[in-house]
Every structure is written in C-alpha cells, then in structure tokens.
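S.K.: protein_32.txt is reproduced below (compact mmCIF, C-alpha atoms and all ligand atoms).
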```
# COMPACT_ATOMS: atom_id res chain seq x y z
CA MET A 292 -22.45 -17.80 62.48
CA SER A 293 -19.32 -16.99 64.47
CA LYS A 294 -16.42 -14.78 63.44
CA TRP A 295 -14.04 -17.00 65.43
CA VAL A 296 -14.10 -20.76 64.83
CA ILE A 297 -11.69 -23.22 66.43
CA ASN A 298 -11.01 -26.87 65.66
CA GLU A 299 -10.39 -28.00 69.23
CA ASN A 300 -8.90 -31.28 68.05
CA LEU A 301 -6.00 -29.33 66.53
CA CYS A 302 -5.43 -26.97 69.50
CA LYS A 303 -2.42 -27.88 71.66
CA GLY A 304 -3.01 -25.17 74.27
CA CYS A 305 0.24 -23.32 73.55
CA GLY A 306 -1.35 -19.97 74.48
CA ILE A 307 0.26 -17.93 71.68
CA CYS A 308 -3.10 -16.77 70.25
CA ILE A 309 -4.28 -15.79 73.74
CA GLU A 310 -1.20 -13.65 74.32
CA ARG A 311 -1.26 -11.98 70.90
CA CYS A 312 -4.95 -11.08 70.54
CA PRO A 313 -4.95 -7.26 70.64
CA MET A 314 -8.47 -7.22 72.15
CA LYS A 315 -7.51 -9.71 74.90
CA ILE A 316 -10.71 -11.68 74.37
CA LEU A 317 -9.22 -15.18 74.14
CA ALA A 318 -8.67 -17.44 77.18
CA PHE A 319 -8.07 -21.10 77.99
CA ALA A 320 -11.39 -22.94 78.27
CA GLU A 321 -12.37 -24.73 81.48
CA HIS A 322 -12.94 -28.04 79.71
CA LEU A 323 -10.35 -30.49 78.41
CA THR A 324 -10.24 -31.80 74.85
CA PRO A 325 -9.70 -35.53 74.19
CA LYS A 326 -5.98 -34.69 73.89
CA GLY A 327 -6.05 -33.41 77.46
CA VAL A 328 -5.66 -29.76 76.49
CA HIS A 329 -7.49 -26.71 77.77
CA PRO A 330 -8.18 -25.19 74.33
CA SER A 331 -8.21 -21.53 73.42
CA SER A 332 -11.73 -20.09 73.60
CA MET A 333 -13.57 -16.87 72.80
CA THR A 334 -14.78 -14.80 75.77
CA ASP A 335 -16.46 -11.84 74.01
CA GLU A 336 -17.00 -12.13 70.27
CA SER A 337 -18.63 -8.69 70.07
CA LYS A 338 -15.13 -7.20 70.52
CA CYS A 339 -13.51 -9.38 67.83
CA THR A 340 -12.26 -7.31 64.88
CA SER A 341 -11.59 -10.36 62.64
CA CYS A 342 -7.95 -9.20 62.42
CA ALA A 343 -6.83 -12.88 62.24
CA ILE A 344 -3.71 -12.27 64.33
CA CYS A 345 -4.70 -15.24 66.51
CA ALA A 346 -5.21 -17.52 63.51
CA LYS A 347 -1.92 -16.54 61.87
CA SER A 348 -0.11 -17.07 65.18
CA CYS A 349 -1.38 -20.62 65.57
CA PRO A 350 1.26 -23.21 64.61
CA ASP A 351 -1.50 -25.78 64.26
CA VAL A 352 -3.80 -23.69 62.04
CA ALA A 353 -6.64 -24.47 64.46
CA ILE A 354 -8.49 -21.16 64.05
CA GLN A 355 -10.60 -19.85 61.16
CA ILE A 356 -11.75 -16.24 60.98
CA TYR A 357 -14.87 -14.82 59.35
CA LYS A 358 -15.89 -11.21 58.85
CA GLU A 359 -19.33 -9.66 58.58
CA GLU A 360 -20.05 -8.57 55.01
CA LYS A 361 -20.97 -4.91 54.59
CA MET B 1428 -19.93 -13.85 56.74
CA LYS B 1429 -16.86 -13.98 54.56
CA GLN B 1430 -13.85 -16.11 55.45
CA VAL B 1431 -10.78 -13.94 56.03
CA PHE B 1432 -8.49 -16.72 57.28
CA GLY B 1433 -8.65 -20.47 56.70
CA LYS B 1434 -6.28 -23.37 56.25
CA THR B 1435 -4.75 -23.57 52.75
CA LYS B 1436 -5.68 -26.73 50.89
CA VAL B 1437 -1.97 -27.42 50.32
CA LEU B 1438 -1.75 -28.37 54.01
CA SER B 1439 -3.27 -31.74 54.91
CA ALA B 1440 -5.94 -32.17 57.58
CA ASN B 1441 -3.58 -34.29 59.73
CA PRO B 1442 -2.77 -32.94 63.19
CA THR B 1443 1.01 -32.48 63.47
CA HIS B 1444 3.13 -34.28 66.05
CA TYR B 1445 5.04 -31.06 66.88
CA CYS B 1446 5.17 -29.81 70.47
CA PRO B 1447 2.74 -27.03 71.52
CA GLY B 1448 3.88 -23.69 70.10
CA CYS B 1449 6.62 -25.11 67.85
CA ASP B 1450 7.47 -22.86 64.87
CA HIS B 1451 7.69 -25.79 62.43
CA GLY B 1452 3.90 -25.52 61.95
CA ILE B 1453 4.09 -21.81 61.10
CA VAL B 1454 6.82 -22.34 58.49
CA HIS B 1455 4.91 -25.29 56.98
CA ARG B 1456 1.90 -23.01 56.50
CA LEU B 1457 3.96 -20.21 54.92
CA ILE B 1458 5.43 -22.67 52.40
CA ALA B 1459 2.02 -24.22 51.66
CA GLU B 1460 0.37 -20.82 51.14
CA THR B 1461 3.23 -19.80 48.84
CA LEU B 1462 2.87 -22.93 46.69
CA GLU B 1463 -0.86 -22.26 46.42
CA GLU B 1464 -0.41 -18.59 45.56
CA LEU B 1465 2.22 -19.34 42.90
CA GLU B 1466 -0.03 -22.11 41.53
CA VAL B 1467 2.77 -24.68 41.65
CA ALA B 1468 1.45 -27.11 44.30
CA ASP B 1469 0.67 -29.77 41.68
CA LYS B 1470 4.29 -29.85 40.55
CA ALA B 1471 5.95 -29.27 43.92
CA ILE B 1472 8.17 -31.96 45.48
CA GLY B 1473 9.41 -31.48 49.03
CA ILE B 1474 12.34 -33.32 50.61
CA ALA B 1475 11.89 -33.95 54.34
CA PRO B 1476 15.00 -34.23 56.53
CA VAL B 1477 15.84 -36.24 59.58
CA GLY B 1478 14.83 -34.22 62.59
CA CYS B 1479 11.50 -33.19 64.10
CA SER B 1480 10.21 -32.39 60.60
CA VAL B 1481 10.93 -35.92 59.31
CA PHE B 1482 7.17 -36.45 58.93
CA ALA B 1483 6.61 -33.21 56.99
CA TYR B 1484 5.29 -35.35 54.12
CA ASP B 1485 2.21 -36.12 56.22
CA TYR B 1486 1.36 -32.45 56.58
CA PHE B 1487 1.41 -31.26 52.96
CA ASN B 1488 -0.90 -32.33 50.13
CA ILE B 1489 1.97 -32.43 47.66
CA ASP B 1490 4.58 -34.97 46.58
CA PHE B 1491 7.33 -35.57 49.10
CA ASN B 1492 10.47 -37.57 49.57
CA GLN B 1493 12.47 -38.13 52.75
CA ALA B 1494 16.24 -38.16 52.67
CA ALA B 1495 18.90 -39.70 54.87
CA HIS B 1496 20.21 -37.31 57.52
CA GLY B 1497 21.68 -34.19 55.89
CA ARG B 1498 21.38 -35.51 52.33
CA ALA B 1499 18.24 -33.62 51.28
CA PRO B 1500 20.09 -31.19 48.94
CA ALA B 1501 21.65 -34.16 47.09
CA VAL B 1502 18.26 -35.90 46.74
CA ALA B 1503 16.73 -32.59 45.62
CA THR B 1504 19.49 -32.23 43.02
CA GLY B 1505 18.68 -35.62 41.53
CA ILE B 1506 14.94 -34.99 41.43
CA LYS B 1507 15.28 -31.50 39.97
CA ARG B 1508 17.72 -32.58 37.27
CA THR B 1509 15.48 -35.44 36.15
CA ARG B 1510 12.27 -33.37 36.44
CA PRO B 1511 13.41 -29.80 35.70
CA ASP B 1512 9.86 -28.46 35.55
CA SER B 1513 9.09 -29.57 39.09
CA ILE B 1514 9.35 -27.15 41.99
CA VAL B 1515 11.76 -28.87 44.36
CA PHE B 1516 12.55 -27.79 47.90
CA THR B 1517 14.28 -29.17 50.96
CA TYR B 1518 13.11 -28.47 54.50
CA GLN B 1519 15.98 -29.00 56.95
CA GLY B 1520 16.87 -28.37 60.57
CA ASP B 1521 20.21 -27.09 61.80
CA GLY B 1522 21.42 -30.50 62.95
CA ASP B 1523 20.50 -31.88 59.56
CA LEU B 1524 21.81 -29.05 57.38
CA ALA B 1525 24.63 -27.48 59.41
CA ALA B 1526 26.17 -30.59 61.02
CA ILE B 1527 25.85 -33.96 59.28
CA GLY B 1528 24.76 -32.33 55.99
CA THR B 1529 27.40 -29.59 55.74
CA ALA B 1530 28.96 -31.00 52.58
CA GLU B 1531 25.68 -31.52 50.71
CA ILE B 1532 24.33 -28.02 51.30
CA ILE B 1533 27.59 -26.24 50.43
CA HIS B 1534 28.03 -28.11 47.15
CA ALA B 1535 24.37 -27.91 46.07
CA ALA B 1536 24.57 -24.15 46.67
CA ASN B 1537 27.90 -23.90 44.90
CA ARG B 1538 26.55 -25.76 41.85
CA GLY B 1539 23.68 -23.30 41.80
CA GLU B 1540 21.06 -26.05 41.68
CA ASN B 1541 17.70 -24.56 40.77
CA ILE B 1542 16.13 -25.63 44.07
CA THR B 1543 14.87 -23.89 47.20
CA VAL B 1544 16.20 -24.69 50.67
CA VAL B 1545 14.24 -23.76 53.79
CA PHE B 1546 16.59 -23.96 56.77
CA ILE B 1547 15.07 -24.14 60.25
CA ASN B 1548 17.63 -22.79 62.72
CA ASN B 1549 16.41 -23.43 66.27
CA GLY B 1550 19.91 -23.72 67.71
CA ILE B 1551 19.49 -27.30 68.85
CA TYR B 1552 18.84 -30.93 67.90
CA GLY B 1553 15.14 -30.97 68.71
CA MET B 1554 14.12 -34.48 67.76
CA THR B 1555 16.76 -36.34 69.75
CA GLY B 1556 16.17 -34.44 72.99
CA GLY B 1557 18.20 -31.25 72.85
CA GLN B 1558 21.86 -31.86 71.98
CA MET B 1559 24.19 -29.03 70.95
CA ALA B 1560 23.99 -28.01 67.28
CA PRO B 1561 26.63 -26.06 65.32
CA THR B 1562 24.20 -23.12 65.70
CA THR B 1563 23.85 -23.37 69.50
CA LEU B 1564 24.66 -20.03 71.15
CA VAL B 1565 27.81 -19.63 73.23
CA GLY B 1566 26.85 -20.23 76.85
CA MET B 1567 23.66 -22.10 75.95
CA LYS B 1568 23.10 -25.21 78.05
CA THR B 1569 22.14 -28.36 76.15
CA GLN B 1570 22.27 -32.09 76.83
CA THR B 1571 25.78 -32.22 75.38
CA SER B 1572 26.97 -28.84 76.71
CA PRO B 1573 25.57 -29.05 80.26
CA TYR B 1574 27.75 -26.16 81.50
CA GLY B 1575 26.95 -24.04 78.44
CA ARG B 1576 28.65 -23.99 75.05
CA ASP B 1577 32.28 -23.01 75.52
CA ALA B 1578 33.65 -21.28 72.41
CA ALA B 1579 37.24 -22.23 73.25
CA THR B 1580 36.54 -25.97 73.05
CA MET B 1581 33.25 -26.25 71.12
CA GLY B 1582 33.53 -23.45 68.59
CA SER B 1583 31.06 -20.63 67.98
CA PRO B 1584 27.66 -20.66 66.24
CA ILE B 1585 27.99 -21.23 62.49
CA ARG B 1586 26.27 -18.55 60.42
CA VAL B 1587 25.20 -20.67 57.46
CA SER B 1588 23.54 -17.91 55.42
CA GLU B 1589 26.67 -15.76 55.56
CA ILE B 1590 28.79 -18.74 54.43
CA ILE B 1591 26.45 -19.62 51.52
CA ALA B 1592 26.43 -15.97 50.46
CA THR B 1593 30.20 -16.04 49.89
CA LEU B 1594 29.68 -18.51 47.01
CA GLU B 1595 29.33 -17.26 43.43
CA SER B 1596 26.31 -19.30 42.32
CA PRO B 1597 23.44 -18.83 44.80
CA ALA B 1598 20.77 -16.41 43.57
CA TYR B 1599 19.08 -15.56 46.85
CA VAL B 1600 20.20 -15.98 50.47
CA THR B 1601 18.18 -14.46 53.28
CA ARG B 1602 17.54 -14.86 57.01
CA VAL B 1603 14.11 -14.28 58.54
CA THR B 1604 12.21 -15.24 61.69
CA VAL B 1605 8.58 -15.84 62.67
CA ASN B 1606 8.64 -14.68 66.29
CA THR B 1607 6.05 -11.91 65.67
CA ILE B 1608 3.27 -11.37 63.12
CA ALA B 1609 5.30 -8.59 61.44
CA ASN B 1610 8.34 -10.86 61.11
CA GLN B 1611 6.13 -13.70 59.91
CA MET B 1612 4.91 -11.48 57.05
CA LYS B 1613 8.52 -10.75 56.05
CA ALA B 1614 9.30 -14.47 56.22
CA LYS B 1615 6.37 -15.22 53.92
CA LYS B 1616 7.67 -12.63 51.43
CA ALA B 1617 11.15 -14.19 51.51
CA ILE B 1618 9.77 -17.70 50.95
CA LYS B 1619 7.68 -16.40 48.07
CA ASN B 1620 10.73 -14.68 46.57
CA ALA B 1621 12.70 -17.93 46.81
CA PHE B 1622 10.05 -20.04 45.08
CA THR B 1623 9.41 -17.34 42.47
CA LEU B 1624 13.09 -17.42 41.52
CA GLN B 1625 12.96 -21.21 41.19
CA LYS B 1626 9.79 -21.00 39.10
CA GLU B 1627 11.60 -18.57 36.79
CA LYS B 1628 14.60 -20.97 36.69
CA LYS B 1629 16.88 -18.30 38.19
CA GLY B 1630 18.95 -20.51 40.47
CA PHE B 1631 19.55 -21.59 44.03
CA SER B 1632 17.51 -19.91 46.76
CA PHE B 1633 18.10 -20.27 50.50
CA VAL B 1634 15.82 -19.06 53.29
CA GLU B 1635 17.05 -19.45 56.87
CA VAL B 1636 14.27 -19.15 59.44
CA VAL B 1637 15.38 -18.52 63.03
CA CYS B 1638 12.91 -20.57 65.08
CA ILE B 1639 12.07 -21.61 68.62
CA CYS B 1640 12.28 -25.08 70.14
CA PRO B 1641 10.28 -24.38 73.31
CA THR B 1642 10.58 -27.96 74.55
CA ASN B 1643 14.36 -28.26 74.46
CA TRP B 1644 14.94 -24.62 75.35
CA GLY B 1645 12.84 -25.32 78.45
CA LYS B 1646 10.66 -22.28 77.84
CA LYS B 1647 6.99 -21.49 77.37
CA PRO B 1648 6.37 -20.79 73.64
CA THR B 1649 5.47 -17.17 74.33
CA ASP B 1650 8.66 -16.66 76.39
CA ALA B 1651 10.73 -18.51 73.77
CA HIS B 1652 9.73 -16.00 71.07
CA LYS B 1653 11.01 -13.15 73.27
CA TRP B 1654 14.18 -15.09 74.15
CA LEU B 1655 14.79 -15.58 70.43
CA ALA B 1656 14.61 -11.82 69.80
CA GLU B 1657 16.96 -11.03 72.68
CA ASN B 1658 19.49 -13.84 72.26
CA MET B 1659 19.32 -15.46 68.81
CA LEU B 1660 18.90 -12.38 66.61
CA PRO B 1661 22.05 -10.56 67.81
CA VAL B 1662 24.05 -13.65 66.72
CA PHE B 1663 21.93 -14.44 63.64
CA PRO B 1664 21.03 -10.98 62.27
CA LEU B 1665 18.01 -10.83 59.97
CA GLY B 1666 18.58 -9.65 56.43
CA THR B 1667 19.34 -10.56 52.85
CA PHE B 1668 22.91 -11.55 52.11
CA LYS B 1669 22.57 -12.19 48.38
CA ASP B 1670 19.95 -11.25 45.80
CA ILE B 1671 21.56 -11.31 42.36
CA HIS B 1672 18.31 -10.75 40.45
CA GLY B 1673 17.11 -7.98 42.78
CA ILE B 1674 13.83 -9.79 43.47
CA GLU B 1675 13.32 -7.90 46.73
CA LYS B 1676 13.22 -4.63 44.79
CA ALA B 1677 11.06 -5.98 41.94
C1 LIG C 1701 22.94 -40.84 60.35
C2 LIG C 1701 22.22 -40.37 61.55
N1 LIG C 1701 22.89 -39.78 62.56
C3 LIG C 1701 22.25 -39.31 63.64
C4 LIG C 1701 20.89 -39.47 63.76
C5 LIG C 1701 20.19 -38.94 64.99
N2 LIG C 1701 19.46 -37.72 64.78
C6 LIG C 1701 18.14 -37.72 64.48
S1 LIG C 1701 17.50 -36.19 64.34
C7 LIG C 1701 19.01 -35.48 64.69
C8 LIG C 1701 19.19 -33.99 64.76
C9 LIG C 1701 17.99 -33.21 64.39
O1 LIG C 1701 18.17 -31.87 64.68
P1 LIG C 1701 17.75 -30.73 63.66
O2 LIG C 1701 18.19 -31.06 62.29
O3 LIG C 1701 18.25 -29.46 64.23
O4 LIG C 1701 16.16 -30.77 63.62
P2 LIG C 1701 15.08 -30.33 64.72
O5 LIG C 1701 14.65 -31.61 65.35
O6 LIG C 1701 15.74 -29.40 65.68
O7 LIG C 1701 14.00 -29.67 63.93
C10 LIG C 1701 19.98 -36.45 64.91
C11 LIG C 1701 21.38 -36.15 65.25
C12 LIG C 1701 20.19 -40.08 62.68
N3 LIG C 1701 18.87 -40.22 62.69
N4 LIG C 1701 20.87 -40.52 61.60
S1 LIG C 1702 -9.43 -12.14 65.09
FE1 LIG C 1702 -8.18 -10.57 66.15
S2 LIG C 1702 -9.58 -9.65 67.65
FE2 LIG C 1702 -10.55 -11.57 66.97
S3 LIG C 1702 -9.87 -13.07 68.49
FE3 LIG C 1702 -8.40 -13.18 66.80
S4 LIG C 1702 -6.74 -11.79 67.39
FE4 LIG C 1702 -8.51 -11.33 68.72
S1 LIG C 1703 -2.26 -20.79 69.04
FE1 LIG C 1703 -3.43 -22.56 68.25
S2 LIG C 1703 -2.68 -24.33 69.39
FE2 LIG C 1703 -1.99 -22.50 70.50
S3 LIG C 1703 -3.61 -22.15 72.04
FE3 LIG C 1703 -4.14 -20.92 70.23
S4 LIG C 1703 -5.51 -22.23 69.01
FE4 LIG C 1703 -4.48 -23.55 70.50
S1 LIG C 1704 11.37 -30.79 70.04
FE1 LIG C 1704 11.52 -28.61 69.52
S2 LIG C 1704 11.66 -28.52 67.25
FE2 LIG C 1704 10.90 -30.57 67.84
S3 LIG C 1704 8.65 -30.41 67.74
FE3 LIG C 1704 9.27 -30.03 69.87
S4 LIG C 1704 9.49 -27.79 70.00
FE4 LIG C 1704 9.47 -28.34 67.81
MG MG C 1705 17.25 -27.97 65.21
```
Written as structure tokens, how would this file's structure read?
M.R.:
Amino acid sequence: MSKWVINENLCKGCGICIERCPMKILAFAEHLTPKGVHPSSMTDESKCTSCAICAKSCPDVAIQIYKEEK
Amino acid sequence: MKQVFGKTKVLSANPTHYCPGCDHGIVHRLIAETLEELEVADKAIGIAPVGCSVFAYDYFNIDFNQAAHGRAPAVATGIKRTRPDSIVFTYQGDGDLAAIGTAEIIHAANRGENITVVFINNGIYGMTGGQMAPTTLVGMKTQTSPYGRDAATMGSPIRVSEIIATLESPAYVTRVTVNTIANQMKAKKAIKNAFTLQKEKKGFSFVEVVCICPTNWGKKPTDAHKWLAENMLPVFPLGTFKDIHGIEKA
C-alpha cells in the first residue's frame, strides 16, 4: 500500500502541493484527467516522510497520507 | 499503514467549483475539522453568503442555509435565537460582509449574538469577475478600478476586524491567514477558539482570514500566496484584537 494516495478526480492541478513538498518528490503527471488537468503525482515514494504538508496544502483535499507502522 | 491525513467526514465528497488553488477550500476544511473535533457537527448550522462560497452548503455534511447578499448575520441571529443549542456560523466574503452587508455584521457584533463569523478577505469580488471591494488595496487594479484604487476618490481598505474590536460586546476578534502551513495551523487554532467560545455560550466570535483569489488577482496560486504576504499583510496585520475571555491563553 502507498504512503501517498491521490484522488485524481479532485485534483485541479494548482501545483501548491508540488511547490511545498520539502522532499521535492511531487510533479505534474504526463496524463490528463477527465477534467483536463495534469494531476499531481509521486515521483519517488521511498523519499516520502508522510509529513502531510502536501495534503494539508491541497484546497481540494485530494491527497491522503499513510505512514508505516513501527 | 496508518492514515495520518484524510478528509474529515464533515466535508462532503462533492468536488468544489472553486478555481484551482483557491483558499476557500482550505478554510472549509479547517471549519469542518473543528466541528468534528468539538463534536458539534450534528448541531451545526452554517449560513452561506452570496459570493464564490454561495454553494458552501454542498461541501459540508451539516445543516446549511443561504442568505441574501450580506444578510447572513441577520439570518444567523434568527436561527441562533430560536435554536440556542445549535452551533451557528456565517461564512462570508468581503463583498458580502464589508460592502452590502456592513449594517448586518456591525449590529450582530454589537448585540453580541452568540454566533461565529468566518470572514474571507481576498480583497476583491471574486464571483462576479473581480470588481473592487472595500478591502481592495490602494493601487490595486480591478475591473472597477482599472487604473488602480485611488484613495482620494475611492477610499482606503476597510479593516473590519479593527472596527468590530472597538465594540463592547464581541468576545473574540482575530485576523489570520492560510498562505503557509504554519499560518494555516494558527488559523485552525483561531477557528477552534471561536467555535469553543460559542459552544460555551460566551458570545460573538469573529475570525477574518486573509485569502487569495488567484483568478481575479491574475496570479498563479503559488505566486498569489507570496503576493499576499508582501502586500496584503502590511495593510491587514495578523493578530488578535479582542479576547475578553482570554481563550488564547487558556
Ligand atoms: C443584492 C445583490 N447585489 C449584488 C449581487 C452581485 N454579487 C454577487 S457576488 C458579489 C460579490 C462577492 O464578493 P465577495 O463577497 O468578496 O466573495 P468572493 O466571491 O470574493 O468569495 C456581488 C456584488 C447580488 N448577487 N445580489
Ligand atoms: S507527505 Fe511530505 S514528503 Fe510525502 S509527498 Fe507529501 S509533502 Fe512530500
Ligand atoms: S494541491 Fe491538490 S489540487 Fe493542487 S495540484 Fe496538489 S493535489 Fe492537485
Ligand atoms: S474567483 Fe477567486 S475567490 Fe472565487 S473561486 Fe475563483 S479564486 Fe476563489
Ligand atoms: Mg471577496
């Protein structure tokens, strides 16, 4: 299961999550959603710290964050 | 895997009609999370304004009403007085609250109605395509101030929080913003303080949120958040102007 889960139908491609991710691992995807948006996408989940800054920055609450249990 | 961030169940599953990057969605979430955390969602009643957030009732899983332009504080007064155990709040833009609704907000505040007002100050009429608001900055170009707002003929930005704070009755008056994660956390705290005071029947609470309107500012959302910090915050300083119960220190 992924740490970073996006509901692409909610993403409007505003880019705020991409700019704010401290690890710089988010980028616009190549593909278009049915809304005609290049959605935010994960480029390297191994670097994701599950900090949730991206999710809390999203005005459309499109991102959910999970963390590995110790 | 444990979920560390997910959508609160007080927000509906509907996609919003807001423009990409618009702060309305962030403030909706902060209110919804607060209602969930205070366990008052089942008795919460929101009043939507006229403005971009006119459809706010579609985005929350709580009871909602929608008032004529600027009249939300009057509608909230009626609902709260007939259902005093409800948690009643208005959600209003600056065109709605600070222009056409100036009388309603001042008198609801002055009567100390036990309601919460969330005031979205984005310095413009968003919904109608970017006309000048009472909160538009001097020099800012809008559809109705194409050469920039001229203070000599159009007046200067109205600081609503400072005005409300001069009244005797209001319990809590504060100005926050959501342009960064740190500021968003402070905004959440302020919204929670406001609803906590209402829950404890301690009077009128007012939270102004300085927000972006990337579409009518003609800026990318990420640039708009920086522009807000550099241009809006010097005119609309963050801070608490009234806190008669000392909730921020509690
Ligand atoms: C009585 C009346 N007058 C004017 C209008 C037109 N109108 C609709 S929304 C709006 C201003 C909205 O601006 P604001 O409250 O700042 O909300 P925003 O869209 O920026 O969130 C105006 C003037 C109206 N709908 N009804
Ligand atoms: S959770 Fe943190 S590290 Fe992971 S993608 Fe989001 S902002 Fe980046
Ligand atoms: S912040 Fe939300 S809407 Fe904006 S690009 Fe990221 S996921 Fe999409
Ligand atoms: S016009 Fe402005 S306030 Fe309205 S939804 Fe678009 S960005 Fe938000
Ligand atoms: Mg406005």
S.K.: Could you tell me which residues of chain B sit within 12 Å of chain A when counting only C-alpha atoms, and give me the result as number ranges by chain?
M.R.: B: 1428-1436, 1438-1457, 1459-1460, 1486, 1605-1612, 1615, 1638-1639, 1641-1642, 1646-1653
S.K.: If the limit is 6 Å from any atom of ligand LIG 1701 (chain C), counting only C-alpha atoms and all ligand atoms, which residues qualify? Return them as a list in words.
M.R.: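 So, counting only C-alpha atoms and all ligand atoms, the residues near ligand LIG 1701 (chain C) are Val1477, Gly1478, Cys1479, Ser1480, His1496, Gly1520, Asp1521, Gly1522, Asp1523, Ile1551, Tyr1552, Gly1553, Met1554 and Thr1555 of chain B.
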S.K.: With a distance cut-off of 12 Å and all atoms listed in the file, select the neighbouring residues of A:Leu323, excluding the residue or stretch itself and same-chain residues fewer than 3 positions from it, and output the selection as a JSON list (two decimals) with C-alpha atoms, in the frame of the given file.
M.R.:
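What landed in around_28.json:
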```
[["chain", "number", "residue", "atom", "x", "y", "z"],
["A", 299, "GLU", "CA", -10.39, -28.00, 69.23],
["A", 300, "ASN", "CA", -8.90, -31.28, 68.05],
["A", 302, "CYS", "CA", -5.43, -26.97, 69.50],
["A", 303, "LYS", "CA", -2.42, -27.88, 71.66],
["A", 304, "GLY", "CA", -3.01, -25.17, 74.27],
["A", 319, "PHE", "CA", -8.07, -21.10, 77.99],
["A", 320, "ALA", "CA", -11.39, -22.94, 78.27],
["A", 326, "LYS", "CA", -5.98, -34.69, 73.89],
["A", 327, "GLY", "CA", -6.05, -33.41, 77.46],
["A", 328, "VAL", "CA", -5.66, -29.76, 76.49],
["A", 329, "HIS", "CA", -7.49, -26.71, 77.77],
["A", 330, "PRO", "CA", -8.18, -25.19, 74.33],
["A", 331, "SER", "CA", -8.21, -21.53, 73.42],
["A", 332, "SER", "CA", -11.73, -20.09, 73.60]]
```
S.K.: Just give me the gap between atom CA of B:Ala1578 and atom CA of B:Trp1654 in Å, one decimal is fine.
M.R.: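 These atoms are spaced 20.5 Å apart.
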S.K.: Please enclose the listed atoms of ligand LIG 1702 (chain C) in an axis-aligned box, pad each side by 4 Å, and write out the centre and the three edge lengths in Å, rounded to one decimal, as AutoDock Vina command-line options.
M.R.:
```
--center_x -8.6 --center_y -11.4 --center_z 66.9 --size_x 11.8 --size_y 11.5 --size_z 11.6
```
S.K.: Expressed in Å to a single decimal, how great is the separation between atom CA of B:Val1437 and atom CA of B:Tyr1518?
M.R.: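 Spanning atom CA of B:Val1437 to atom CA of B:Tyr1518 is a straight-line distance of 15.7 Å.
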S.K.: What is the atom CA of B:Arg1538-atom CA of B:Arg1586 distance in Å, reported with one decimal?
M.R.: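 Taking atom CA of B:Arg1538 as the start and atom CA of B:Arg1586 as the end point, the length is 19.9 Å.
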S.K.: Give me the residues near B:Gly1539 as a list in words, where near means some atom within 8 Å (using all atoms listed in the file) and where sequence neighbours in that chain fewer than 5 positions away do not count.
M.R.: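 Residues meeting the cut-off are Ser1596, Pro1597, Ala1598, Gly1630 and Phe1631 of chain B.
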S.K.: Pick the closest to ligand LIG 1703 (chain C) from A:Thr334, A:Asn298, A:Thr340, A:Thr324: which is it, counting all atoms listed in the file?
M.R.: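 The shortest atom-to-atom distance to ligand LIG 1703 (chain C) comes from A:Asn298.
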S.K.: Of the candidates B:Leu1665, B:Cys1640, B:Ala1503, B:Met1559, which one gets nearest to B:Gly1575 if we count only C-alpha atoms?
M.R.: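 Between B:Leu1665, B:Cys1640, B:Ala1503, B:Met1559, the residue approaching B:Gly1575 most closely is B:Met1559.
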S.K.: Around (29.8, -23.9, 65.9) in the file's own coordinates, what residues are found within 7 Å if you use all atoms listed in the file, given back as a list in words?
M.R.: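 Result, sorted by chain then residue number: Pro1561, Thr1562, Thr1563, Met1581, Gly1582, Ser1583, Pro1584 and Ile1585 of chain B.
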S.K.: Pick out the closest residue to ligand LIG 1704 (chain C) from this set: B:Gly1557, B:Gly1528, B:Pro1573, B:Pro1500. Count all atoms listed in the file.
M.R.: B:Gly1557
S.K.: Would you list the contacts of B:Phe1668 as number ranges by chain, taking every protein, DNA or RNA residue within 9 Å and counting only C-alpha atoms, but skipping same-chain residues closer than 4 positions in sequence?
M.R.: B: 1588-1589, 1591-1593, 1599-1602
S.K.: Those selected residues, please, written with C-alpha atoms and delivered as an mmCIF file, keeping the file's coordinate frame.
M.R.:
```
data_model
loop_
_atom_site.group_PDB
_atom_site.id
_atom_site.type_symbol
_atom_site.label_atom_id
_atom_site.label_comp_id
_atom_site.auth_asym_id
_atom_site.auth_seq_id
_atom_site.Cartn_x
_atom_site.Cartn_y
_atom_site.Cartn_z
ATOM 1 C CA SER B 1588 23.540 -17.910 55.420
ATOM 2 C CA GLU B 1589 26.670 -15.760 55.560
ATOM 3 C CA ILE B 1591 26.450 -19.620 51.520
ATOM 4 C CA ALA B 1592 26.430 -15.970 50.460
ATOM 5 C CA THR B 1593 30.200 -16.040 49.890
ATOM 6 C CA TYR B 1599 19.080 -15.560 46.850
ATOM 7 C CA VAL B 1600 20.200 -15.980 50.470
ATOM 8 C CA THR B 1601 18.180 -14.460 53.280
ATOM 9 C CA ARG B 1602 17.540 -14.860 57.010
#
```
S.K.: If we count all atoms listed in the file and set the cut-off at 9 Å, which residues sit around B:Pro1476, ignoring sequence neighbours fewer than 4 positions away in its own chain? Please answer as a PyMOL selection string.
M.R.: chain B and resi 1480-1483+1492-1499+1517-1520+1523-1524
